[in-house]
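Colleague: This one is start_18.cif, mmCIF, C-alpha atoms.
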data_work
loop_
_atom_site.label_atom_id
_atom_site.label_comp_id
_atom_site.auth_asym_id
_atom_site.auth_seq_id
_atom_site.Cartn_x
_atom_site.Cartn_y
_atom_site.Cartn_z
CA MET V 1 54.40 -0.71 -18.41
CA ALA V 2 52.30 -3.81 -18.52
CA SER V 3 49.00 -3.53 -20.35
CA ALA V 4 46.31 -2.22 -17.99
CA THR V 5 43.62 -4.51 -19.37
CA TRP V 6 41.44 -7.23 -17.95
CA THR V 7 42.49 -10.82 -18.49
CA PHE V 8 40.18 -13.79 -18.91
CA ASP V 9 42.32 -16.80 -18.10
CA PRO V 10 40.11 -19.91 -18.45
CA GLY V 11 41.62 -21.57 -15.38
CA ILE V 12 40.94 -18.54 -13.17
CA LEU V 13 37.43 -18.14 -14.58
CA LEU V 14 36.67 -21.77 -13.70
CA ALA V 15 38.27 -21.50 -10.26
CA VAL V 16 36.17 -18.43 -9.43
CA GLY V 17 33.03 -19.31 -11.37
CA ILE V 18 32.42 -22.91 -10.25
CA PRO V 19 32.22 -22.12 -6.50
CA ALA V 20 29.99 -19.14 -7.29
CA LEU V 21 27.61 -21.30 -9.34
CA LEU V 22 27.55 -24.05 -6.71
CA TYR V 23 26.85 -21.52 -3.97
CA ALA V 24 24.04 -19.88 -5.95
CA ARG V 25 22.48 -23.25 -6.81
CA GLY V 26 22.70 -24.36 -3.19
CA ARG V 27 21.13 -21.15 -1.88
CA ILE V 28 18.23 -21.55 -4.30
CA HIS V 29 17.74 -25.15 -3.18
CA LEU V 30 17.82 -24.17 0.51
CA ALA V 31 15.42 -21.28 -0.08
CA ARG V 32 12.93 -23.57 -1.81
CA ALA V 33 13.19 -25.97 1.13
CA GLY V 34 12.42 -23.13 3.54
CA HIS V 35 15.89 -22.93 5.11
CA CYS V 36 16.75 -19.31 4.35
CA GLY V 37 17.71 -18.09 7.82
CA ALA V 38 20.07 -15.13 7.37
CA ALA V 39 20.76 -16.20 3.81
CA HIS V 40 20.35 -12.80 2.18
CA TRP V 41 23.21 -10.98 3.89
CA LYS V 42 25.36 -14.09 3.71
CA THR V 43 24.73 -14.34 -0.02
CA VAL V 44 25.72 -10.69 -0.44
CA CYS V 45 28.96 -11.29 1.47
CA PHE V 46 29.83 -14.35 -0.62
CA GLY V 47 29.05 -12.48 -3.84
CA LEU V 48 31.28 -9.58 -2.80
CA GLY V 49 34.02 -12.09 -1.99
CA ILE V 50 33.77 -13.51 -5.51
CA VAL V 51 33.93 -9.97 -6.93
CA ALA V 52 37.08 -9.30 -4.86
CA LEU V 53 38.70 -12.46 -6.24
CA ALA V 54 37.80 -11.38 -9.77
CA LEU V 55 39.37 -7.98 -9.16
CA ALA V 56 42.51 -9.62 -7.77
CA PHE V 57 43.06 -12.14 -10.58
CA LEU V 58 41.24 -10.79 -13.65
CA SER V 59 41.59 -7.01 -13.38
CA PRO V 60 44.65 -4.98 -14.51
CA LEU V 61 46.20 -5.66 -11.09
CA GLU V 62 47.17 -9.12 -12.36
CA ARG V 63 49.24 -7.56 -15.17
CA LEU V 64 50.59 -4.64 -13.16
CA ASP V 65 51.99 -6.78 -10.35
CA GLY V 66 55.25 -7.23 -12.23
CA VAL V 67 55.93 -3.48 -12.56
CA SER V 68 54.41 -2.08 -9.38
CA PHE V 69 54.96 -3.37 -5.87
CA ALA V 70 51.98 -1.29 -4.70
CA ALA V 71 49.71 -2.92 -7.29
CA HIS V 72 50.92 -6.37 -6.24
CA MET V 73 50.37 -5.53 -2.56
CA LEU V 74 46.84 -4.37 -3.32
CA GLN V 75 46.25 -7.68 -5.09
CA HIS V 76 47.46 -9.58 -2.01
CA LEU V 77 45.23 -7.52 0.30
CA LEU V 78 42.20 -8.20 -1.90
CA ILE V 79 42.90 -11.91 -1.50
CA VAL V 80 43.73 -11.98 2.21
CA VAL V 81 41.66 -9.31 3.99
CA VAL V 82 38.78 -8.77 1.55
CA ALA V 83 37.92 -11.90 -0.44
CA ALA V 84 38.75 -14.51 2.21
CA PRO V 85 36.74 -13.02 5.12
CA LEU V 86 33.80 -12.16 2.86
CA LEU V 87 33.65 -15.71 1.52
CA VAL V 88 33.78 -17.10 5.06
CA LEU V 89 31.04 -14.68 6.16
CA GLY V 90 28.96 -16.20 3.37
CA ASP V 91 28.95 -19.46 5.39
CA PRO V 92 29.58 -21.49 2.21
CA MET V 93 29.68 -25.07 3.51
CA ALA V 94 25.95 -25.89 3.34
CA PRO V 95 25.15 -23.94 0.12
CA VAL V 96 28.09 -25.39 -1.81
CA LEU V 97 27.25 -28.88 -0.57
CA TRP V 98 23.63 -28.50 -1.70
CA GLY V 99 24.82 -27.04 -4.99
CA LEU V 100 26.49 -30.34 -5.90
CA PRO V 101 24.66 -33.05 -7.88
CA ALA V 102 22.84 -35.49 -5.60
CA GLN V 103 25.36 -38.34 -5.87
CA GLU V 104 28.36 -36.13 -5.17
CA ARG V 105 26.49 -34.36 -2.38
CA HIS V 106 25.76 -37.63 -0.60
CA GLY V 107 29.39 -38.71 -1.00
CA VAL V 108 30.77 -35.49 0.48
CA GLY V 109 28.11 -35.62 3.20
CA ARG V 110 29.33 -39.06 4.26
CA LEU V 111 32.90 -37.78 4.46
CA LEU V 112 31.83 -34.84 6.64
CA ARG V 113 29.47 -36.70 8.94
CA ALA V 114 30.16 -36.44 12.66
CA GLY V 115 32.89 -38.84 13.73
CA ALA V 116 34.32 -39.39 10.24
CA PHE V 117 38.08 -38.85 9.92
CA PRO V 118 37.80 -36.01 7.34
CA ARG V 119 35.37 -34.21 9.66
CA GLN V 120 37.70 -34.65 12.63
CA LEU V 121 40.61 -33.37 10.53
CA LEU V 122 38.57 -30.34 9.43
CA ASP V 123 37.51 -29.59 13.02
CA SER V 124 41.12 -29.75 14.17
CA ALA V 125 42.39 -27.61 11.28
CA THR V 126 39.91 -24.83 12.06
CA ARG V 127 40.96 -24.39 15.69
CA PRO V 128 42.24 -20.80 15.99
CA LEU V 129 45.88 -21.56 16.85
CA ILE V 130 46.19 -24.28 14.21
CA ALA V 131 44.39 -22.22 11.56
CA GLY V 132 46.26 -19.00 12.32
CA SER V 133 49.82 -20.32 12.35
CA PRO V 134 50.10 -21.38 8.67
CA PHE V 135 48.72 -18.02 7.52
CA LEU V 136 51.19 -16.00 9.58
CA LEU V 137 54.10 -18.20 8.46
CA ILE V 138 53.14 -18.16 4.79
CA PHE V 139 52.58 -14.40 4.74
CA GLY V 140 56.00 -13.70 6.24
CA PHE V 141 57.68 -16.42 4.14
CA TRP V 142 56.61 -15.02 0.77
CA HIS V 143 57.58 -11.45 1.67
CA MET V 144 61.22 -12.35 2.22
CA PRO V 145 62.99 -10.49 -0.64
CA ARG V 146 64.75 -13.50 -2.19
CA LEU V 147 61.65 -15.70 -2.15
CA TYR V 148 59.41 -12.87 -3.32
CA ASP V 149 61.65 -12.19 -6.32
CA LEU V 150 61.79 -15.89 -7.21
CA ALA V 151 58.00 -16.06 -7.35
CA GLN V 152 57.48 -13.16 -9.74
CA GLY V 153 56.43 -13.49 -13.37
CA ARG V 154 53.88 -15.80 -14.94
CA THR V 155 55.30 -18.87 -13.23
CA LEU V 156 54.02 -21.89 -11.34
CA LEU V 157 55.76 -20.57 -8.22
CA HIS V 158 53.83 -17.30 -8.54
CA ASP V 159 50.56 -19.23 -8.77
CA LEU V 160 51.60 -21.28 -5.73
CA GLU V 161 52.26 -18.05 -3.81
CA HIS V 162 48.74 -16.77 -4.50
CA LEU V 163 47.13 -20.14 -3.81
CA SER V 164 48.92 -20.44 -0.46
CA PHE V 165 47.85 -16.90 0.48
CA PHE V 166 44.22 -17.65 -0.34
CA ALA V 167 44.03 -21.12 1.23
CA THR V 168 45.69 -20.12 4.50
CA ALA V 169 43.67 -16.88 4.66
CA LEU V 170 40.42 -18.88 4.42
CA LEU V 171 41.69 -21.14 7.18
CA PHE V 172 42.71 -18.13 9.29
CA TRP V 173 39.38 -16.31 8.99
CA TRP V 174 37.15 -19.35 9.52
CA PRO V 175 37.59 -19.70 13.33
CA VAL V 176 37.72 -15.91 13.73
CA ILE V 177 34.35 -15.36 12.05
CA HIS V 178 32.75 -18.54 13.39
CA SER V 179 34.32 -18.33 16.85
CA TYR V 180 30.87 -18.47 18.48
CA ARG V 181 30.68 -22.12 17.46
CA ARG V 182 33.52 -22.86 19.87
CA ARG V 183 31.98 -20.73 22.62
CA ARG V 184 34.12 -18.34 24.65
CA LEU V 185 37.37 -20.31 24.37
CA GLY V 186 37.34 -19.94 20.58
CA THR V 187 36.91 -16.19 20.92
CA LEU V 188 39.67 -15.84 23.50
CA VAL V 189 42.14 -17.68 21.25
CA ALA V 190 41.07 -15.87 18.06
CA VAL V 191 41.94 -12.43 19.47
CA PRO V 192 45.68 -13.19 19.95
CA CYS V 193 45.80 -14.59 16.41
CA LEU V 194 44.43 -11.30 15.08
CA LEU V 195 46.88 -9.33 17.22
CA ALA V 196 49.72 -11.43 15.77
CA ALA V 197 48.50 -10.62 12.25
CA ILE V 198 48.46 -6.90 13.10
CA PHE V 199 52.00 -7.12 14.50
CA GLU V 200 53.29 -8.97 11.44
CA GLY V 201 51.65 -6.58 8.99
CA THR V 202 52.88 -3.56 10.94
CA LEU V 203 56.44 -4.90 11.08
CA ILE V 204 56.66 -5.73 7.37
CA GLY V 205 54.77 -2.58 6.40
CA ALA V 206 57.09 -0.37 8.47
CA LEU V 207 60.19 -2.02 7.00
CA LEU V 208 58.90 -1.36 3.49
CA THR V 209 57.80 2.19 4.26
CA PHE V 210 60.97 3.37 5.97
CA ALA V 211 63.59 1.46 3.97
CA GLY V 212 66.10 3.75 2.30
CA GLU V 213 66.20 1.74 -0.94
CA PRO V 214 64.03 -0.75 -2.86
CA LEU V 215 64.30 -4.13 -1.16
CA TYR V 216 63.06 -6.29 -4.03
CA ALA V 217 65.12 -6.75 -7.19
CA THR V 218 61.93 -7.14 -9.24
CA TYR V 219 61.07 -3.47 -8.80
CA ARG V 220 64.47 -1.76 -8.64
CA VAL V 221 64.42 -0.90 -12.34
CA SER V 222 60.65 -0.84 -12.71
CA SER V 223 58.94 2.10 -14.37
CA GLY V 224 56.23 1.88 -11.71
CA ILE V 225 52.83 3.55 -12.05
CA PHE V 226 51.62 7.14 -11.77
CA GLY V 227 55.18 8.36 -12.27
CA MET V 228 56.40 7.01 -8.93
CA THR V 229 60.00 6.00 -8.39
CA PRO V 230 60.69 2.40 -7.27
CA LEU V 231 61.25 3.62 -3.69
CA GLU V 232 57.99 5.61 -3.64
CA ASP V 233 56.17 2.59 -5.05
CA GLN V 234 57.60 0.43 -2.26
CA GLN V 235 56.61 3.00 0.37
CA LEU V 236 53.03 2.99 -0.92
CA ALA V 237 53.04 -0.82 -0.79
CA GLY V 238 54.23 -0.68 2.82
CA LEU V 239 51.47 1.75 3.78
CA LEU V 240 48.87 -0.46 2.09
CA MET V 241 50.02 -3.46 4.12
CA TRP V 242 50.32 -1.43 7.30
CA VAL V 243 47.09 0.59 7.45
CA PRO V 244 44.15 -0.99 5.56
CA SER V 245 44.89 -4.57 6.61
CA GLY V 246 45.51 -3.45 10.20
CA LEU V 247 42.11 -1.75 10.26
CA VAL V 248 40.43 -4.95 9.06
CA TYR V 249 42.09 -7.02 11.78
CA LEU V 250 41.27 -4.36 14.38
CA ALA V 251 37.61 -4.35 13.32
CA ALA V 252 37.54 -8.13 13.74
CA ILE V 253 39.02 -7.82 17.24
CA LEU V 254 36.40 -5.23 18.23
CA ARG V 255 33.66 -7.53 16.94
CA LEU V 256 35.00 -10.43 19.01
CA VAL V 257 35.28 -8.29 22.15
CA ALA V 258 31.71 -7.07 21.66
CA GLN V 259 30.65 -10.70 21.21
CA MET V 260 32.30 -11.68 24.50
CA LEU V 261 30.65 -8.79 26.33
CA LYS V 262 27.30 -9.79 24.88
CA GLU V 263 27.82 -13.39 25.97
CA ASP V 264 28.51 -12.20 29.54
CA GLN V 265 25.03 -10.70 29.63
CA ILE V 266 23.27 -13.88 28.48
CA PRO V 267 21.98 -16.26 31.16
CA ARG V 268 23.96 -19.49 31.50
CA GLY V 269 22.63 -22.23 29.23
CA ARG V 270 21.88 -19.96 26.30
CA THR V 271 24.16 -19.15 23.35
CA THR V 272 24.23 -16.52 20.65
CA PRO V 273 25.64 -16.64 17.11
CA GLY V 274 27.16 -13.19 17.50
#
Can you give me the file's structure in the form of structure tokens?
Modeller:
Amino acid sequence: MASATWTFDPGILLAVGIPALLYARGRIHLARAGHCGAAHWKTVCFGLGIVALALAFLSPLERLDGVSFAAHMLQHLLIVVVAAPLLVLGDPMAPVLWGLPAQERHGVGRLLRAGAFPRQLLDSATRPLIAGSPFLLIFGFWHMPRLYDLAQGRTLLHDLEHLSFFATALLFWWPVIHSYRRRRLGTLVAVPCLLAAIFEGTLIGALLTFAGEPLYATYRVSSGIFGMTPLEDQQLAGLLMWVPSGLVYLAAILRLVAQMLKEDQIPRGRTTPG
């Protein structure tokens, strides 16, 4: 069995630590300028998102993913349905921007000003249908047995798999969590995207849970963890994909429905951030 120890890869530490430092610096700057708003709960969410990323990439899960499908699935869920939505709930754009040095902040600000091409591209990319499609495709793509097996091990392809999960998950959750910024239309489109994610997770999870044999060559001769056979390990992985992630998506749908009902009770001409 792989060593159940924490790893401290410098690249991962930088990738996780730099955004955290920029966010903290930006929050301090905004607080001193009197622009706190709901900063406290947002800061907590962002911090928990950073912790989830650390657990996914620095904890023993990173070393166990080659011997346990369930451990690898838990790692994926930490990235997709824990870290990504928590980071988006932290509303990181303004804090990270203000965490940059002045010259870099002004440069990025010019790129993101209203009417600039990068801003238009970002606005288009965060529309629910556009943001949701890459995530659903990538998630299904990497769980095809042949592609999944090719990506295992300490390889560049494995890193690309995790990076694509994280990047598309951030894109997926952004319009879902910030749907109020697009008014009712954004909410109405975000709900089908979440339903599609539930369907995909349920389909893959059920296939893994009820398969009569291990589907991935990586784990067919694995010693597994906790004395489980390869098939039992795969069944646990299927249940992890099926149930916990489905509950997260369902909770997001209920929040959006409650938001729509609340909007129906607000006089025309007023908006709410949900």
Colleague: Work out how far apart CA of Gln259 in chain V and CA of His76 in chain V are and give it in Å to one decimal.
Modeller: 28.7 Å
Colleague: What residues come out when you apply the PyMOL selection byres ((chain V and resi 176) around 9) to this file, written as a list in words?
Modeller: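 What the PyMOL selection byres ((chain V and resi 176) around 9) grabs from the file is Pro128, Phe172, Trp173, Trp174, Pro175, Ile177, His178, Ser179, Tyr180, Gly186, Thr187, Val189, Ala190, Val191, Cys193, Leu194, Ala252, Ile253 and Leu256 of chain V.
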Colleague: Would you work out the distance separating CA of Leu170 in chain V from CA of Pro85 in chain V, expressed in Å to one decimal?
Modeller: 7.0 Å
Colleague: Using only C-alpha atoms, find each residue of range 33-119 of chain V with at least one atom at most 12 Å away from an atom of range 140-162 of chain V; report its shortest atom-to-atom pair and that distance in Å (one decimal), sort the rows by chain and rising residue number, and return the result as CSV.
Modeller:
residue,atom,partner,partner_atom,distance
V:Leu53,CA,V:His162,CA,11.1
V:Ala56,CA,V:His162,CA,10.0
V:Phe57,CA,V:His162,CA,9.5
V:Glu62,CA,V:Arg154,CA,9.8
V:Arg63,CA,V:Arg154,CA,9.5
V:Leu64,CA,V:Gly153,CA,10.6
V:Asp65,CA,V:Gln152,CA,8.4
V:Gly66,CA,V:Gly153,CA,6.5
V:Val67,CA,V:Gly153,CA,10.1
V:Ser68,CA,V:Gln152,CA,11.5
V:Phe69,CA,V:Tyr148,CA,10.8
V:His72,CA,V:Gln152,CA,10.1
V:Met73,CA,V:His143,CA,10.2
V:Gln75,CA,V:His162,CA,9.4
V:His76,CA,V:His162,CA,7.7
V:Leu77,CA,V:His162,CA,11.0
V:Leu78,CA,V:His162,CA,11.1
V:Ile79,CA,V:His162,CA,8.2
V:Val80,CA,V:His162,CA,9.6
Colleague: Can you write just those residues out, C-alpha atoms, as a compact mmCIF listing (two decimals), keeping the file's coordinate frame?
Modeller:
# COMPACT_ATOMS: atom_id res chain seq x y z
CA LEU V 53 38.70 -12.46 -6.24
CA ALA V 56 42.51 -9.62 -7.77
CA PHE V 57 43.06 -12.14 -10.58
CA GLU V 62 47.17 -9.12 -12.36
CA ARG V 63 49.24 -7.56 -15.17
CA LEU V 64 50.59 -4.64 -13.16
CA ASP V 65 51.99 -6.78 -10.35
CA GLY V 66 55.25 -7.23 -12.23
CA VAL V 67 55.93 -3.48 -12.56
CA SER V 68 54.41 -2.08 -9.38
CA PHE V 69 54.96 -3.37 -5.87
CA HIS V 72 50.92 -6.37 -6.24
CA MET V 73 50.37 -5.53 -2.56
CA GLN V 75 46.25 -7.68 -5.09
CA HIS V 76 47.46 -9.58 -2.01
CA LEU V 77 45.23 -7.52 0.30
CA LEU V 78 42.20 -8.20 -1.90
CA ILE V 79 42.90 -11.91 -1.50
CA VAL V 80 43.73 -11.98 2.21
Colleague: Rounded to one decimal, what separation in Å do you get between CA of His29 in chain V and CA of Pro95 in chain V?
Modeller: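 For CA of His29 in chain V relative to CA of Pro95 in chain V, the distance reads 8.2 Å.
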Colleague: Counting only C-alpha atoms, which of V:Ala169, V:Leu239, V:Ala206, V:Ile12 gets nearest to Leu58 in chain V?
Modeller: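 For Leu58 in chain V, the nearest of the given residues is V:Ile12.
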Colleague: List the residues matched by the PyMOL selection byres ((chain V and resi 19) around 12) in the displayed structure as a list in words, ordered by chain and then by residue number.
Modeller: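 For this structure, the PyMOL selection byres ((chain V and resi 19) around 12) resolves to Ile12, Leu13, Leu14, Ala15, Val16, Gly17, Ile18, Ala20, Leu21, Leu22, Tyr23, Ala24, Arg25, Gly26, Phe46, Gly47, Gly49, Ile50, Leu53, Leu87, Gly90, Pro92, Met93, Pro95, Val96, Leu97, Trp98, Gly99 and Leu100 of chain V.
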Colleague: Taking (59.1, -4.4, 4.6) in the file's coordinates, which residues come within 9 Å, counting all atoms listed in the file, written as a ChimeraX atom specification?
Modeller: /V:143-145,201-211,215,234-235,237-238
Colleague: Between V:Leu188, V:Val44, V:Ala52, V:Leu61, which is the closest to Val81 in chain V once you count only C-alpha atoms?
Modeller: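 So, comparing all the options, the nearest one is V:Ala52.
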Colleague: Using only C-alpha atoms, which of V:Ile198, V:Arg127, V:Val88, V:Met260 sits nearest Val243 in chain V?
Modeller: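 That would be V:Ile198, the residue with the smallest distance to Val243 in chain V.
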Colleague: Calculated over all atoms listed in the file, which of the candidates V:Ala71, V:Ala54, V:Leu250, V:Ala31 has the smallest distance to Leu236 in chain V?
Modeller: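 Distance minimum relative to Leu236 in chain V lands on V:Ala71.
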